[in-house]
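Trainee: entry.cif is the file, holding mmCIF, C-alpha atoms:
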data_coords
loop_
_atom_site.label_atom_id
_atom_site.label_comp_id
_atom_site.auth_asym_id
_atom_site.auth_seq_id
_atom_site.Cartn_x
_atom_site.Cartn_y
_atom_site.Cartn_z
CA MET A 1 -1.93 106.82 184.27
CA ASP A 2 -1.40 104.37 187.13
CA ASN A 3 -4.27 103.82 189.54
CA LEU A 4 -2.87 105.98 192.35
CA SER A 5 -2.40 108.87 189.89
CA ASP A 6 -5.95 108.40 188.60
CA THR A 7 -7.29 108.43 192.15
CA PHE A 8 -5.41 111.57 193.24
CA PHE A 9 -6.42 113.29 189.98
CA ALA A 10 -10.09 112.37 190.58
CA LEU A 11 -9.84 113.85 194.10
CA SER A 12 -8.31 117.12 192.83
CA ASP A 13 -11.67 118.77 192.15
CA PRO A 14 -14.18 120.10 194.74
CA THR A 15 -17.24 118.98 192.72
CA ARG A 16 -15.90 115.42 192.49
CA ARG A 17 -15.12 115.42 196.24
CA ALA A 18 -18.69 116.69 196.92
CA ILE A 19 -20.09 113.85 194.78
CA LEU A 20 -18.08 111.32 196.81
CA LEU A 21 -19.31 112.88 200.07
CA ARG A 22 -22.92 112.55 198.84
CA LEU A 23 -22.31 108.90 197.84
CA SER A 24 -20.76 108.15 201.24
CA LYS A 25 -24.29 108.69 202.64
CA GLY A 26 -25.84 106.25 200.17
CA ASP A 27 -26.09 105.33 196.49
CA ALA A 28 -27.63 107.93 194.17
CA THR A 29 -28.79 108.26 190.59
CA VAL A 30 -26.97 110.56 188.17
CA GLY A 31 -29.92 113.00 188.41
CA GLU A 32 -29.78 113.03 192.23
CA LEU A 33 -26.04 113.68 192.11
CA ALA A 34 -26.42 116.50 189.59
CA SER A 35 -29.26 118.37 191.35
CA PRO A 36 -27.24 120.27 194.04
CA PHE A 37 -24.81 121.62 191.43
CA GLU A 38 -25.45 124.49 189.05
CA MET A 39 -23.83 122.56 186.25
CA SER A 40 -24.84 121.23 182.87
CA ALA A 41 -25.55 117.52 182.52
CA PRO A 42 -22.46 117.06 180.27
CA ALA A 43 -20.25 118.71 182.95
CA ILE A 44 -21.55 116.35 185.64
CA THR A 45 -21.21 113.38 183.28
CA LYS A 46 -17.57 114.33 182.67
CA HIS A 47 -16.90 114.40 186.44
CA LEU A 48 -18.62 111.02 186.88
CA LYS A 49 -16.51 109.54 184.06
CA ILE A 50 -13.30 110.65 185.83
CA LEU A 51 -14.56 109.15 189.11
CA GLU A 52 -15.54 105.92 187.33
CA ARG A 53 -12.19 105.64 185.50
CA SER A 54 -10.32 105.89 188.83
CA GLY A 55 -12.57 103.17 190.30
CA LEU A 56 -13.89 105.55 192.99
CA ILE A 57 -17.46 104.92 191.85
CA ARG A 58 -19.21 102.27 189.83
CA LYS A 59 -22.55 102.51 188.01
CA GLU A 60 -25.27 99.92 188.26
CA LYS A 61 -28.43 99.66 186.15
CA ASP A 62 -31.63 100.03 188.19
CA GLY A 63 -34.45 99.68 185.65
CA GLN A 64 -34.33 102.84 183.52
CA LEU A 65 -31.97 104.55 185.99
CA ARG A 66 -28.24 104.27 186.59
CA ARG A 67 -27.24 104.27 190.25
CA CYS A 68 -23.77 105.39 191.36
CA ILE A 69 -22.06 103.50 194.17
CA LEU A 70 -18.96 104.59 196.11
CA GLN A 71 -16.03 102.14 196.00
CA GLU A 72 -13.66 102.26 198.95
CA LYS A 73 -10.63 100.51 197.43
CA PRO A 74 -9.00 103.53 195.69
CA LEU A 75 -9.66 105.72 198.78
CA LYS A 76 -7.91 103.10 200.90
CA GLY A 77 -4.96 103.00 198.45
CA ALA A 78 -4.57 106.79 198.57
CA SER A 79 -4.85 106.78 202.36
CA GLU A 80 -2.19 104.06 202.65
CA TRP A 81 0.17 106.03 200.40
CA LEU A 82 -0.22 109.11 202.63
CA GLU A 83 0.19 106.94 205.75
CA HIS A 84 3.90 106.49 204.88
CA TYR A 85 4.37 110.20 205.53
CA SER A 86 2.38 110.35 208.77
CA HIS A 87 5.53 110.11 210.90
CA PHE A 88 6.27 113.66 209.71
CA TRP A 89 3.29 115.24 211.41
CA GLU A 90 3.21 112.69 214.20
CA GLY A 91 6.92 113.50 214.65
CA SER A 92 6.05 117.19 214.86
CA PHE A 93 3.52 116.47 217.60
CA ALA A 94 5.98 114.25 219.46
CA GLN A 95 8.51 117.07 219.27
CA LEU A 96 5.92 119.56 220.55
CA ASP A 97 5.08 117.12 223.35
CA ASP A 98 8.78 116.92 224.36
CA THR A 99 9.02 120.73 224.34
CA LEU A 100 5.92 121.00 226.54
CA LYS A 101 7.32 118.40 228.98
CA VAL A 102 10.54 120.44 229.32
CA LEU A 103 8.54 123.63 229.90
CA VAL A 104 6.38 121.96 232.57
CA ALA A 105 9.48 120.49 234.28
CA GLU A 106 11.15 123.89 234.30
CA GLU A 107 8.03 125.46 235.78
CA ASP A 108 7.84 122.77 238.51
CA ALA A 109 11.52 123.34 239.37
CA GLU A 110 10.97 127.07 240.00
CA MET B 111 -7.98 125.95 193.02
CA ASP B 112 -8.44 125.40 196.75
CA ASN B 113 -5.54 123.97 198.70
CA LEU B 114 -6.89 120.41 198.95
CA SER B 115 -7.45 120.36 195.16
CA ASP B 116 -3.90 121.67 194.60
CA THR B 117 -2.51 118.97 196.91
CA PHE B 118 -4.38 116.09 195.27
CA PHE B 119 -3.45 117.41 191.82
CA ALA B 120 0.23 117.60 192.86
CA LEU B 121 0.03 113.97 194.07
CA SER B 122 -1.54 112.76 190.79
CA ASP B 123 1.80 112.22 189.04
CA PRO B 124 4.33 109.41 189.70
CA THR B 125 7.38 111.70 189.17
CA ARG B 126 6.06 114.20 191.72
CA ARG B 127 5.35 111.38 194.19
CA ALA B 128 8.90 110.05 193.63
CA ILE B 129 10.30 113.54 194.34
CA LEU B 130 8.32 113.66 197.62
CA LEU B 131 9.61 110.19 198.55
CA ARG B 132 13.19 111.37 197.94
CA LEU B 133 12.60 114.51 200.05
CA SER B 134 11.11 112.43 202.87
CA LYS B 135 14.65 111.04 203.31
CA GLY B 136 16.20 114.53 203.53
CA ASP B 137 16.38 117.90 201.79
CA ALA B 138 17.85 117.96 198.28
CA THR B 139 18.96 120.45 195.66
CA VAL B 140 17.09 120.74 192.36
CA GLY B 141 20.02 118.98 190.64
CA GLU B 142 19.96 116.09 193.12
CA LEU B 143 16.20 115.72 192.61
CA ALA B 144 16.52 115.77 188.82
CA SER B 145 19.38 113.23 188.53
CA PRO B 146 17.38 109.94 188.89
CA PHE B 147 14.89 110.99 186.19
CA GLU B 148 15.47 110.89 182.46
CA MET B 149 13.83 114.27 182.11
CA SER B 150 14.79 117.69 180.86
CA ALA B 151 15.52 120.41 183.44
CA PRO B 152 12.40 122.38 182.36
CA ALA B 153 10.22 119.27 182.90
CA ILE B 154 11.57 118.80 186.44
CA THR B 155 11.22 122.55 187.12
CA LYS B 156 7.55 122.34 186.08
CA HIS B 157 6.96 119.44 188.51
CA LEU B 158 8.71 121.34 191.31
CA LYS B 159 6.56 124.43 190.62
CA ILE B 160 3.38 122.34 190.98
CA LEU B 161 4.70 120.86 194.24
CA GLU B 162 5.67 124.33 195.49
CA ARG B 163 2.29 125.87 194.57
CA SER B 164 0.48 123.19 196.59
CA GLY B 165 2.77 123.89 199.56
CA LEU B 166 4.12 120.30 199.51
CA ILE B 167 7.68 121.60 199.19
CA ARG B 168 9.42 124.88 199.83
CA LYS B 169 12.70 126.11 198.40
CA GLU B 170 15.47 127.66 200.47
CA LYS B 171 18.59 129.45 199.25
CA ASP B 172 21.80 127.70 200.25
CA GLY B 173 24.57 129.85 198.80
CA GLN B 174 24.40 129.39 195.02
CA LEU B 175 22.08 126.38 195.38
CA ARG B 176 18.36 126.09 196.05
CA ARG B 177 17.42 123.34 198.47
CA CYS B 178 13.96 121.74 198.41
CA ILE B 179 12.33 120.83 201.71
CA LEU B 180 9.25 118.63 202.20
CA GLN B 181 6.34 120.29 204.02
CA GLU B 182 4.02 117.97 205.92
CA LYS B 183 0.97 120.26 206.29
CA PRO B 184 -0.71 119.54 202.90
CA LEU B 185 -0.02 115.79 203.26
CA LYS B 186 -1.70 115.90 206.66
CA GLY B 187 -4.69 117.78 205.17
CA ALA B 188 -5.11 115.21 202.41
CA SER B 189 -4.76 112.34 204.89
CA GLU B 190 -7.41 113.89 207.18
CA TRP B 191 -9.82 114.28 204.26
CA LEU B 192 -9.41 110.57 203.39
CA GLU B 193 -9.75 109.65 207.07
CA HIS B 194 -13.48 110.58 206.90
CA TYR B 195 -13.95 107.64 204.55
CA SER B 196 -11.93 105.12 206.53
CA HIS B 197 -15.04 103.65 208.18
CA PHE B 198 -15.83 102.20 204.73
CA TRP B 199 -12.84 99.90 204.60
CA GLU B 200 -12.68 99.44 208.35
CA GLY B 201 -16.40 98.57 208.13
CA SER B 202 -15.65 95.98 205.45
CA PHE B 203 -13.06 94.32 207.71
CA ALA B 204 -15.45 94.37 210.69
CA GLN B 205 -18.06 92.71 208.49
CA LEU B 206 -15.54 90.07 207.35
CA ASP B 207 -14.61 89.52 211.00
CA ASP B 208 -18.29 88.92 211.91
CA THR B 209 -18.64 86.47 209.00
CA LEU B 210 -15.54 84.56 210.15
CA LYS B 211 -16.85 84.38 213.74
CA VAL B 212 -20.12 82.86 212.49
CA LEU B 213 -18.21 80.30 210.38
CA VAL B 214 -15.98 79.33 213.34
CA ALA B 215 -19.01 79.03 215.66
CA GLU B 216 -20.79 76.80 213.12
CA GLU B 217 -17.72 74.60 212.81
CA ASP B 218 -17.44 74.29 216.60
CA ALA B 219 -21.13 73.31 216.83
CA GLU B 220 -20.70 70.42 214.40
#
Take the structure I supplied and represent it as structure tokens, if you would.

Mentor:
Amino acid sequence: MDNLSDTFFALSDPTRRAILLRLSKGDATVGELASPFEMSAPAITKHLKILERSGLIRKEKDGQLRRCILQEKPLKGASEWLEHYSHFWEGSFAQLDDTLKVLVAEEDAE
Amino acid sequence: MDNLSDTFFALSDPTRRAILLRLSKGDATVGELASPFEMSAPAITKHLKILERSGLIRKEKDGQLRRCILQEKPLKGASEWLEHYSHFWEGSFAQLDDTLKVLVAEEDAE
């Protein structure tokens, strides 16, 4: 898979998004990441592997422990891809804004 | 799956992203969408079903044809989710900016 596909796939699971949210508040060990979830260690490890493969997290040795660290680059790439489409919803708002202006003008004219 | 998971999963494939790019330029029939890809009709249909399930496209009957239309709402949802993390890369640029200011100030002082 290409990197953008890997990133979007990694984001397509609520547990993986929750792990990223936790890491956005600071680095955490695998144990700390696993504790809020009622999941087996292998299940969490599988999620972390998918996040690591996409480059969304990296692991760093801290003595006996392995700390997970959020990496912003793939998030930025995904955000930039979506940015190309933002004129669609910004367009919708602009259209709504025009409609509202017409309505206000009509009201003022009465 | 929740809607955000469906959306990110739908975006995790280059063919599906290419279909969305095509639809961002205007509505298209299933045949028009399939023609640039060296893929069987069932393969394209499967991709379109995944896009439809996530709400990224909707189909509309146009006589004998079925037209596909891009829907911006799930793209906006995904973009807003990523937006929460934007302070990470914006933060990195701000930090780089501070570093550059210090370097320039040091150079001026020499």

Trainee: Give me, as an MDAnalysis selection string, the residues of chain B touching chain A, with the criterion being at most 8 Å (counting all atoms listed in the file).

Mentor: chainID B and resid 114:119 121:124 134 182:183 185:186 188:189 192:193 195:196 198:199

Trainee: What are the coordinates of chain B as a short mmCIF file (atom, residue, chain, number, x, y, z; two decimals) with C-alpha atoms, in the frame of the given file following a least-squares fit to chain A on all in-order C-alpha atoms?

Mentor:
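Output file part20.cif follows:
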data_model
loop_
_atom_site.label_atom_id
_atom_site.label_comp_id
_atom_site.auth_asym_id
_atom_site.auth_seq_id
_atom_site.Cartn_x
_atom_site.Cartn_y
_atom_site.Cartn_z
CA MET B 111 -1.93 106.86 184.27
CA ASP B 112 -1.42 104.41 187.12
CA ASN B 113 -4.28 103.84 189.52
CA LEU B 114 -2.91 106.00 192.35
CA SER B 115 -2.41 108.90 189.90
CA ASP B 116 -5.97 108.43 188.59
CA THR B 117 -7.31 108.44 192.16
CA PHE B 118 -5.46 111.58 193.24
CA PHE B 119 -6.45 113.32 190.00
CA ALA B 120 -10.11 112.38 190.58
CA LEU B 121 -9.88 113.84 194.12
CA SER B 122 -8.35 117.13 192.87
CA ASP B 123 -11.72 118.77 192.17
CA PRO B 124 -14.22 120.09 194.76
CA THR B 125 -17.29 118.97 192.72
CA ARG B 126 -15.94 115.41 192.49
CA ARG B 127 -15.18 115.40 196.22
CA ALA B 128 -18.74 116.66 196.91
CA ILE B 129 -20.14 113.83 194.76
CA LEU B 130 -18.11 111.29 196.79
CA LEU B 131 -19.37 112.84 200.03
CA ARG B 132 -22.97 112.50 198.79
CA LEU B 133 -22.36 108.86 197.79
CA SER B 134 -20.81 108.10 201.19
CA LYS B 135 -24.34 108.65 202.57
CA GLY B 136 -25.90 106.18 200.10
CA ASP B 137 -26.12 105.29 196.42
CA ALA B 138 -27.65 107.89 194.09
CA THR B 139 -28.81 108.23 190.51
CA VAL B 140 -26.99 110.55 188.11
CA GLY B 141 -29.94 112.98 188.35
CA GLU B 142 -29.83 113.00 192.16
CA LEU B 143 -26.07 113.66 192.05
CA ALA B 144 -26.45 116.49 189.54
CA SER B 145 -29.31 118.34 191.31
CA PRO B 146 -27.29 120.24 194.00
CA PHE B 147 -24.84 121.62 191.41
CA GLU B 148 -25.48 124.50 189.05
CA MET B 149 -23.86 122.56 186.25
CA SER B 150 -24.85 121.26 182.85
CA ALA B 151 -25.55 117.52 182.50
CA PRO B 152 -22.46 117.08 180.26
CA ALA B 153 -20.26 118.73 182.94
CA ILE B 154 -21.55 116.35 185.63
CA THR B 155 -21.21 113.38 183.23
CA LYS B 156 -17.55 114.34 182.66
CA HIS B 157 -16.91 114.40 186.44
CA LEU B 158 -18.63 111.03 186.86
CA LYS B 159 -16.50 109.54 184.04
CA ILE B 160 -13.31 110.67 185.81
CA LEU B 161 -14.57 109.16 189.08
CA GLU B 162 -15.54 105.94 187.29
CA ARG B 163 -12.18 105.65 185.48
CA SER B 164 -10.33 105.90 188.80
CA GLY B 165 -12.57 103.17 190.25
CA LEU B 166 -13.91 105.55 192.95
CA ILE B 167 -17.48 104.91 191.80
CA ARG B 168 -19.22 102.26 189.76
CA LYS B 169 -22.53 102.51 187.94
CA GLU B 170 -25.28 99.91 188.16
CA LYS B 171 -28.42 99.63 186.05
CA ASP B 172 -31.61 99.99 188.07
CA GLY B 173 -34.41 99.65 185.53
CA GLN B 174 -34.29 102.81 183.41
CA LEU B 175 -31.96 104.53 185.89
CA ARG B 176 -28.23 104.25 186.49
CA ARG B 177 -27.24 104.23 190.14
CA CYS B 178 -23.77 105.35 191.27
CA ILE B 179 -22.09 103.47 194.10
CA LEU B 180 -18.99 104.56 196.04
CA GLN B 181 -16.06 102.13 195.94
CA GLU B 182 -13.70 102.23 198.90
CA LYS B 183 -10.66 100.48 197.37
CA PRO B 184 -9.03 103.53 195.68
CA LEU B 185 -9.69 105.70 198.76
CA LYS B 186 -7.96 103.08 200.88
CA GLY B 187 -5.00 103.00 198.44
CA ALA B 188 -4.62 106.77 198.57
CA SER B 189 -4.92 106.77 202.37
CA GLU B 190 -2.24 104.05 202.66
CA TRP B 191 0.13 106.02 200.42
CA LEU B 192 -0.28 109.10 202.66
CA GLU B 193 0.12 106.93 205.76
CA HIS B 194 3.84 106.48 204.90
CA TYR B 195 4.29 110.19 205.58
CA SER B 196 2.31 110.32 208.81
CA HIS B 197 5.45 110.06 210.96
CA PHE B 198 6.19 113.63 209.78
CA TRP B 199 3.21 115.20 211.48
CA GLU B 200 3.11 112.67 214.28
CA GLY B 201 6.83 113.44 214.75
CA SER B 202 6.05 117.15 214.96
CA PHE B 203 3.50 116.51 217.73
CA ALA B 204 5.94 114.24 219.61
CA GLN B 205 8.52 117.02 219.39
CA LEU B 206 6.00 119.58 220.67
CA ASP B 207 5.12 117.18 223.49
CA ASP B 208 8.82 116.91 224.49
CA THR B 209 9.14 120.72 224.43
CA LEU B 210 6.06 121.08 226.67
CA LYS B 211 7.43 118.49 229.14
CA VAL B 212 10.68 120.46 229.43
CA LEU B 213 8.75 123.71 230.01
CA VAL B 214 6.57 122.09 232.71
CA ALA B 215 9.64 120.56 234.41
CA GLU B 216 11.39 123.96 234.41
CA GLU B 217 8.32 125.60 235.91
CA ASP B 218 8.10 122.94 238.63
CA ALA B 219 11.80 123.44 239.47
CA GLU B 220 11.35 127.16 240.07
#

Trainee: Using the chain letters and numbers from the file, which residues does the PyMOL selection byres ((chain A and resi 68) around 12) grab, as a PyMOL selection string?

Mentor: chain A and resi 19-20+22-34+45+48-49+51-52+55-62+65-67+69-71

Trainee: Between CA of Ile50 in chain A and CA of Arg126 in chain B, what distance in Å does the model show, to one decimal?

Mentor: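 Atom-to-atom, CA of Ile50 in chain A to CA of Arg126 in chain B, that is 20.5 Å.
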
Trainee: If you measure from CA of Thr125 in chain B to CA of Pro74 in chain A, what distance in Å do you get, rounded to one decimal?

Mentor: 19.4 Å

Trainee: Using the file's own x, y and z axes, so that the box edges lie along x, y and z, what centre and edge lengths in Å (one decimal) does a box around every listed atom of range 8-14 of chain A get when 6 Å is added on each side? Give it as AutoDock Vina command-line options.

Mentor:
--center_x -9.8 --center_y 115.8 --center_z 192.4 --size_x 20.8 --size_y 20.5 --size_z 16.8

Trainee: Record the distance separating CA of Gly77 in chain A and CA of Glu148 in chain B, expressed in Å with one decimal.

Mentor: 27.1 Å
